[in-house]
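Participant: Right, I'll just put the structure down here and ask away after.
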Amino acid sequence: MILTVSAIAGLPGIPSTNRGVPDWLKRRQIPLAEVGNRFTFEAAFLPPEARRAVVERQIEASGLALGSYDDEAHCRFAELPASMRAAAERKAEIARLLLTRERRCPGRRRLPW
């Protein structure tokens, strides 16, 4: 999941200003990409607490239920390489998108795949 600096400002353990976040990311050696006048980065590089807060925000915004939290599973997930976390988070993001779409458009023709 690709995020912008403004999307994480003020999350647990992260500076509350858009100005302080890029410096915080650089200190933690999180790779940044500049898109226009905005910095973007992969969410998989964030600490677990911040990643969880981002995902919970997205789930809440989509109107889906949060479900239960499994500490052991999340600890194991945090130990995975960033590339594997990124792939898993991308799949979860797609699942949330499909569930949200179904909720907003019930009875609509399903996608062929």
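Going through the structure tokens in order, the chains are called A, B, and so on, while each chain numbers its residues from 1 and the ligands are numbered from 1 in the order shown.
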Could you go through chain A and tell me which residues DSSP, when run on the backbone, assigns to alpha helix (DSSP H), listing them as a PDB file with N, CA and C atoms, in the first residue's frame?
Facilitator:
ATOM      1  N   VAL A   5       2.756  11.331   2.964  1.00  0.00           N
ATOM      2  CA  VAL A   5       3.159  11.851   4.272  1.00  0.00           C
ATOM      3  C   VAL A   5       1.940  12.292   5.077  1.00  0.00           C
ATOM      4  N   SER A   6       1.008  12.974   4.430  1.00  0.00           N
ATOM      5  CA  SER A   6      -0.157  13.485   5.159  1.00  0.00           C
ATOM      6  C   SER A   6      -1.044  12.359   5.690  1.00  0.00           C
ATOM      7  N   ALA A   7      -0.983  11.186   5.083  1.00  0.00           N
ATOM      8  CA  ALA A   7      -1.812  10.061   5.524  1.00  0.00           C
ATOM      9  C   ALA A   7      -1.366   9.489   6.865  1.00  0.00           C
ATOM     10  N   ILE A   8      -0.118   9.731   7.261  1.00  0.00           N
ATOM     11  CA  ILE A   8       0.350   9.139   8.522  1.00  0.00           C
ATOM     12  C   ILE A   8       0.677  10.172   9.590  1.00  0.00           C
ATOM     13  N   GLY A  20       7.412  17.334   9.601  1.00  0.00           N
ATOM     14  CA  GLY A  20       8.259  16.468  10.404  1.00  0.00           C
ATOM     15  C   GLY A  20       8.272  15.020   9.945  1.00  0.00           C
ATOM     16  N   VAL A  21       7.231  14.593   9.234  1.00  0.00           N
ATOM     17  CA  VAL A  21       7.124  13.189   8.830  1.00  0.00           C
ATOM     18  C   VAL A  21       8.226  12.767   7.857  1.00  0.00           C
ATOM     19  N   PRO A  22       8.545  13.536   6.779  1.00  0.00           N
ATOM     20  CA  PRO A  22       9.609  13.085   5.881  1.00  0.00           C
ATOM     21  C   PRO A  22      10.947  12.894   6.594  1.00  0.00           C
ATOM     22  N   ASP A  23      11.271  13.784   7.526  1.00  0.00           N
ATOM     23  CA  ASP A  23      12.516  13.638   8.287  1.00  0.00           C
ATOM     24  C   ASP A  23      12.474  12.371   9.143  1.00  0.00           C
ATOM     25  N   TRP A  24      11.331  12.110   9.750  1.00  0.00           N
ATOM     26  CA  TRP A  24      11.157  10.911  10.564  1.00  0.00           C
ATOM     27  C   TRP A  24      11.357   9.666   9.700  1.00  0.00           C
ATOM     28  N   LEU A  25      10.763   9.653   8.502  1.00  0.00           N
ATOM     29  CA  LEU A  25      10.899   8.514   7.586  1.00  0.00           C
ATOM     30  C   LEU A  25      12.352   8.332   7.156  1.00  0.00           C
ATOM     31  N   LYS A  26      13.028   9.435   6.849  1.00  0.00           N
ATOM     32  CA  LYS A  26      14.429   9.358   6.412  1.00  0.00           C
ATOM     33  C   LYS A  26      15.330   8.838   7.527  1.00  0.00           C
ATOM     34  N   ARG A  27      15.081   9.268   8.766  1.00  0.00           N
ATOM     35  CA  ARG A  27      15.883   8.781   9.897  1.00  0.00           C
ATOM     36  C   ARG A  27      15.743   7.274  10.061  1.00  0.00           C
ATOM     37  N   PRO A  48       4.865  -1.569  13.244  1.00  0.00           N
ATOM     38  CA  PRO A  48       3.571  -2.265  13.316  1.00  0.00           C
ATOM     39  C   PRO A  48       2.409  -1.421  13.849  1.00  0.00           C
ATOM     40  N   GLU A  49       2.646  -0.598  14.869  1.00  0.00           N
ATOM     41  CA  GLU A  49       1.556   0.205  15.446  1.00  0.00           C
ATOM     42  C   GLU A  49       1.008   1.194  14.423  1.00  0.00           C
ATOM     43  N   ALA A  50       1.905   1.817  13.670  1.00  0.00           N
ATOM     44  CA  ALA A  50       1.478   2.794  12.664  1.00  0.00           C
ATOM     45  C   ALA A  50       0.764   2.100  11.509  1.00  0.00           C
ATOM     46  N   ARG A  51       1.279   0.944  11.085  1.00  0.00           N
ATOM     47  CA  ARG A  51       0.632   0.188  10.006  1.00  0.00           C
ATOM     48  C   ARG A  51      -0.784  -0.198  10.411  1.00  0.00           C
ATOM     49  N   ARG A  52      -0.910  -0.657  11.643  1.00  0.00           N
ATOM     50  CA  ARG A  52      -2.228  -1.062  12.130  1.00  0.00           C
ATOM     51  C   ARG A  52      -3.189   0.133  12.145  1.00  0.00           C
ATOM     52  N   ALA A  53      -2.714   1.286  12.576  1.00  0.00           N
ATOM     53  CA  ALA A  53      -3.563   2.484  12.614  1.00  0.00           C
ATOM     54  C   ALA A  53      -4.011   2.888  11.203  1.00  0.00           C
ATOM     55  N   VAL A  54      -3.116   2.779  10.229  1.00  0.00           N
ATOM     56  CA  VAL A  54      -3.462   3.112   8.842  1.00  0.00           C
ATOM     57  C   VAL A  54      -4.544   2.165   8.332  1.00  0.00           C
ATOM     58  N   VAL A  55      -4.362   0.881   8.551  1.00  0.00           N
ATOM     59  CA  VAL A  55      -5.326  -0.115   8.077  1.00  0.00           C
ATOM     60  C   VAL A  55      -6.670   0.073   8.773  1.00  0.00           C
ATOM     61  N   GLU A  56      -6.655   0.328  10.075  1.00  0.00           N
ATOM     62  CA  GLU A  56      -7.910   0.538  10.802  1.00  0.00           C
ATOM     63  C   GLU A  56      -8.652   1.760  10.274  1.00  0.00           C
ATOM     64  N   ARG A  57      -7.905   2.817   9.931  1.00  0.00           N
ATOM     65  CA  ARG A  57      -8.523   4.012   9.341  1.00  0.00           C
ATOM     66  C   ARG A  57      -9.211   3.658   8.023  1.00  0.00           C
ATOM     67  N   GLN A  58      -8.519   2.901   7.194  1.00  0.00           N
ATOM     68  CA  GLN A  58      -9.082   2.527   5.894  1.00  0.00           C
ATOM     69  C   GLN A  58     -10.309   1.646   6.051  1.00  0.00           C
ATOM     70  N   ILE A  59     -10.253   0.707   6.969  1.00  0.00           N
ATOM     71  CA  ILE A  59     -11.386  -0.185   7.193  1.00  0.00           C
ATOM     72  C   ILE A  59     -12.575   0.619   7.703  1.00  0.00           C
ATOM     73  N   GLU A  60     -12.330   1.519   8.632  1.00  0.00           N
ATOM     74  CA  GLU A  60     -13.398   2.355   9.182  1.00  0.00           C
ATOM     75  C   GLU A  60     -14.012   3.229   8.095  1.00  0.00           C
ATOM     76  N   ALA A  61     -13.171   3.815   7.246  1.00  0.00           N
ATOM     77  CA  ALA A  61     -13.661   4.678   6.164  1.00  0.00           C
ATOM     78  C   ALA A  61     -14.488   3.895   5.150  1.00  0.00           C
ATOM     79  N   SER A  62     -14.193   2.618   4.982  1.00  0.00           N
ATOM     80  CA  SER A  62     -14.928   1.808   4.015  1.00  0.00           C
ATOM     81  C   SER A  62     -16.244   1.272   4.578  1.00  0.00           C
ATOM     82  N   ASP A  71      -2.752 -11.005  18.073  1.00  0.00           N
ATOM     83  CA  ASP A  71      -1.406 -10.531  18.406  1.00  0.00           C
ATOM     84  C   ASP A  71      -0.311 -11.438  17.847  1.00  0.00           C
ATOM     85  N   GLU A  72      -0.483 -12.745  17.991  1.00  0.00           N
ATOM     86  CA  GLU A  72       0.544 -13.671  17.533  1.00  0.00           C
ATOM     87  C   GLU A  72       0.738 -13.583  16.017  1.00  0.00           C
ATOM     88  N   ALA A  73      -0.355 -13.536  15.283  1.00  0.00           N
ATOM     89  CA  ALA A  73      -0.266 -13.441  13.823  1.00  0.00           C
ATOM     90  C   ALA A  73       0.408 -12.135  13.404  1.00  0.00           C
ATOM     91  N   HIS A  74       0.085 -11.054  14.086  1.00  0.00           N
ATOM     92  CA  HIS A  74       0.683  -9.771  13.734  1.00  0.00           C
ATOM     93  C   HIS A  74       2.165  -9.713  14.109  1.00  0.00           C
ATOM     94  N   CYS A  75       2.545 -10.377  15.169  1.00  0.00           N
ATOM     95  CA  CYS A  75       3.978 -10.448  15.519  1.00  0.00           C
ATOM     96  C   CYS A  75       4.746 -11.211  14.442  1.00  0.00           C
ATOM     97  N   ARG A  76       4.184 -12.318  14.000  1.00  0.00           N
ATOM     98  CA  ARG A  76       4.839 -13.087  12.929  1.00  0.00           C
ATOM     99  C   ARG A  76       4.897 -12.278  11.642  1.00  0.00           C
ATOM    100  N   PHE A  77       3.824 -11.568  11.355  1.00  0.00           N
ATOM    101  CA  PHE A  77       3.763 -10.728  10.151  1.00  0.00           C
ATOM    102  C   PHE A  77       4.846  -9.655  10.198  1.00  0.00           C
ATOM    103  N   ALA A  78       5.050  -9.056  11.368  1.00  0.00           N
ATOM    104  CA  ALA A  78       6.058  -7.996  11.519  1.00  0.00           C
ATOM    105  C   ALA A  78       7.467  -8.525  11.287  1.00  0.00           C
ATOM    106  N   GLU A  79       7.682  -9.815  11.492  1.00  0.00           N
ATOM    107  CA  GLU A  79       9.013 -10.401  11.300  1.00  0.00           C
ATOM    108  C   GLU A  79       9.327 -10.696   9.831  1.00  0.00           C
ATOM    109  N   ALA A  82      10.066  -6.811   4.347  1.00  0.00           N
ATOM    110  CA  ALA A  82       9.156  -5.748   3.904  1.00  0.00           C
ATOM    111  C   ALA A  82       8.472  -6.091   2.584  1.00  0.00           C
ATOM    112  N   SER A  83       9.175  -6.760   1.684  1.00  0.00           N
ATOM    113  CA  SER A  83       8.564  -7.095   0.388  1.00  0.00           C
ATOM    114  C   SER A  83       7.395  -8.065   0.553  1.00  0.00           C
ATOM    115  N   MET A  84       7.531  -9.016   1.478  1.00  0.00           N
ATOM    116  CA  MET A  84       6.438  -9.971   1.720  1.00  0.00           C
ATOM    117  C   MET A  84       5.270  -9.285   2.418  1.00  0.00           C
ATOM    118  N   ARG A  85       5.578  -8.377   3.352  1.00  0.00           N
ATOM    119  CA  ARG A  85       4.506  -7.626   4.021  1.00  0.00           C
ATOM    120  C   ARG A  85       3.755  -6.780   2.997  1.00  0.00           C
ATOM    121  N   ALA A  86       4.497  -6.142   2.083  1.00  0.00           N
ATOM    122  CA  ALA A  86       3.877  -5.290   1.066  1.00  0.00           C
ATOM    123  C   ALA A  86       2.937  -6.102   0.183  1.00  0.00           C
ATOM    124  N   ALA A  87       3.366  -7.289  -0.222  1.00  0.00           N
ATOM    125  CA  ALA A  87       2.524  -8.138  -1.067  1.00  0.00           C
ATOM    126  C   ALA A  87       1.258  -8.562  -0.321  1.00  0.00           C
ATOM    127  N   ALA A  88       1.396  -8.935   0.934  1.00  0.00           N
ATOM    128  CA  ALA A  88       0.236  -9.362   1.731  1.00  0.00           C
ATOM    129  C   ALA A  88      -0.721  -8.191   1.958  1.00  0.00           C
ATOM    130  N   GLU A  89      -0.175  -7.011   2.235  1.00  0.00           N
ATOM    131  CA  GLU A  89      -1.026  -5.844   2.464  1.00  0.00           C
ATOM    132  C   GLU A  89      -1.743  -5.431   1.187  1.00  0.00           C
ATOM    133  N   ARG A  90      -1.089  -5.600   0.053  1.00  0.00           N
ATOM    134  CA  ARG A  90      -1.735  -5.285  -1.227  1.00  0.00           C
ATOM    135  C   ARG A  90      -2.922  -6.216  -1.457  1.00  0.00           C
ATOM    136  N   LYS A  91      -2.752  -7.494  -1.161  1.00  0.00           N
ATOM    137  CA  LYS A  91      -3.852  -8.451  -1.322  1.00  0.00           C
ATOM    138  C   LYS A  91      -5.003  -8.114  -0.376  1.00  0.00           C
ATOM    139  N   ALA A  92      -4.685  -7.725   0.842  1.00  0.00           N
ATOM    140  CA  ALA A  92      -5.725  -7.347   1.801  1.00  0.00           C
ATOM    141  C   ALA A  92      -6.448  -6.087   1.336  1.00  0.00           C
ATOM    142  N   GLU A  93      -5.711  -5.161   0.745  1.00  0.00           N
ATOM    143  CA  GLU A  93      -6.309  -3.931   0.233  1.00  0.00           C
ATOM    144  C   GLU A  93      -7.294  -4.250  -0.905  1.00  0.00           C
ATOM    145  N   ILE A  94      -6.922  -5.180  -1.766  1.00  0.00           N
ATOM    146  CA  ILE A  94      -7.812  -5.590  -2.860  1.00  0.00           C
ATOM    147  C   ILE A  94      -9.070  -6.238  -2.291  1.00  0.00           C
ATOM    148  N   ALA A  95      -8.905  -7.086  -1.285  1.00  0.00           N
ATOM    149  CA  ALA A  95     -10.063  -7.735  -0.658  1.00  0.00           C
ATOM    150  C   ALA A  95     -10.997  -6.694  -0.046  1.00  0.00           C
ATOM    151  N   ARG A  96     -10.433  -5.694   0.643  1.00  0.00           N
ATOM    152  CA  ARG A  96     -11.269  -4.630   1.219  1.00  0.00           C
ATOM    153  C   ARG A  96     -12.011  -3.874   0.124  1.00  0.00           C
ATOM    154  N   LEU A  97     -11.321  -3.590  -0.977  1.00  0.00           N
ATOM    155  CA  LEU A  97     -11.949  -2.877  -2.094  1.00  0.00           C
ATOM    156  C   LEU A  97     -13.129  -3.677  -2.651  1.00  0.00           C
ATOM    157  N   LEU A  98     -12.931  -4.973  -2.852  1.00  0.00           N
ATOM    158  CA  LEU A  98     -14.008  -5.805  -3.386  1.00  0.00           C
ATOM    159  C   LEU A  98     -15.183  -5.899  -2.418  1.00  0.00           C
ATOM    160  N   LEU A  99     -14.896  -6.040  -1.135  1.00  0.00           N
ATOM    161  CA  LEU A  99     -15.971  -6.094  -0.140  1.00  0.00           C
ATOM    162  C   LEU A  99     -16.735  -4.781  -0.076  1.00  0.00           C
ATOM    163  N   THR A 100     -16.009  -3.676  -0.138  1.00  0.00           N
ATOM    164  CA  THR A 100     -16.638  -2.361  -0.093  1.00  0.00           C
ATOM    165  C   THR A 100     -17.498  -2.155  -1.328  1.00  0.00           C
ATOM    166  N   ARG A 101     -16.994  -2.567  -2.481  1.00  0.00           N
ATOM    167  CA  ARG A 101     -17.745  -2.426  -3.736  1.00  0.00           C
ATOM    168  C   ARG A 101     -19.043  -3.219  -3.654  1.00  0.00           C
ATOM    169  N   GLU A 102     -18.981  -4.429  -3.156  1.00  0.00           N
ATOM    170  CA  GLU A 102     -20.170  -5.271  -3.031  1.00  0.00           C
ATOM    171  C   GLU A 102     -21.183  -4.635  -2.081  1.00  0.00           C
ATOM    172  N   ARG A 103     -20.684  -4.025  -1.025  1.00  0.00           N
ATOM    173  CA  ARG A 103     -21.569  -3.388  -0.049  1.00  0.00           C
ATOM    174  C   ARG A 103     -22.287  -2.184  -0.646  1.00  0.00           C
ATOM    175  N   ARG A 104     -21.565  -1.405  -1.439  1.00  0.00           N
ATOM    176  CA  ARG A 104     -22.145  -0.186  -2.017  1.00  0.00           C
ATOM    177  C   ARG A 104     -23.029  -0.478  -3.214  1.00  0.00           C
TER     178      ARG A 104
END
Participant: Run DSSP on the backbone and give me the residues of segment 21-81 of chain A it puts in strand (DSSP E), as a PyMOL selection string.
Facilitator: chain A and resi 33-35+38-42
Participant: Write the residues you've just listed into a file as a compact mmCIF listing (two decimals), in the first residue's frame, and include N, CA and C atoms for each of them.
Facilitator:
# COMPACT_ATOMS: atom_id res chain seq x y z
N ALA A 33 9.64 8.21 -2.32
CA ALA A 33 9.58 8.58 -3.73
C ALA A 33 8.89 9.94 -3.79
N GLU A 34 9.38 10.81 -4.63
CA GLU A 34 8.76 12.11 -4.77
C GLU A 34 7.87 12.09 -6.00
N VAL A 35 6.59 12.32 -5.79
CA VAL A 35 5.62 12.36 -6.87
C VAL A 35 5.05 13.76 -6.91
N ARG A 38 4.79 15.81 -3.60
CA ARG A 38 4.44 14.96 -2.45
C ARG A 38 5.40 13.80 -2.34
N PHE A 39 5.66 13.39 -1.11
CA PHE A 39 6.47 12.21 -0.85
C PHE A 39 5.54 11.02 -0.65
N THR A 40 5.88 9.89 -1.25
CA THR A 40 5.13 8.66 -1.05
C THR A 40 6.09 7.57 -0.60
N PHE A 41 5.54 6.52 0.01
CA PHE A 41 6.36 5.42 0.51
C PHE A 41 5.47 4.21 0.70
N GLU A 42 6.10 3.07 0.85
CA GLU A 42 5.38 1.81 1.03
C GLU A 42 5.05 1.63 2.52
Participant: How many Å separate atom CA of Pro81 of chain A from atom CA of Phe45 of chain A?
Facilitator: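 Taking atom CA of Pro81 of chain A and atom CA of Phe45 of chain A, their separation equals 9.3 Å.
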Participant: Please, what distance in Å, to one decimal, runs between atom CA of Ala9 of chain A and atom CA of Asn37 of chain A?
Facilitator: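 Computing it gives 16.5 Å between the two atoms.
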Participant: Between A:Gly13, A:Pro31, A:Asn18, A:Ser68, which residue has the minimum interatomic distance to Ala44 of chain A, considering only C-alpha atoms?
Facilitator: A:Pro31
Participant: Would you work out the distance separating atom CA of Gly10 of chain A from atom CA of Asp70 of chain A, expressed in Å to one decimal?
Facilitator: 24.4 Å
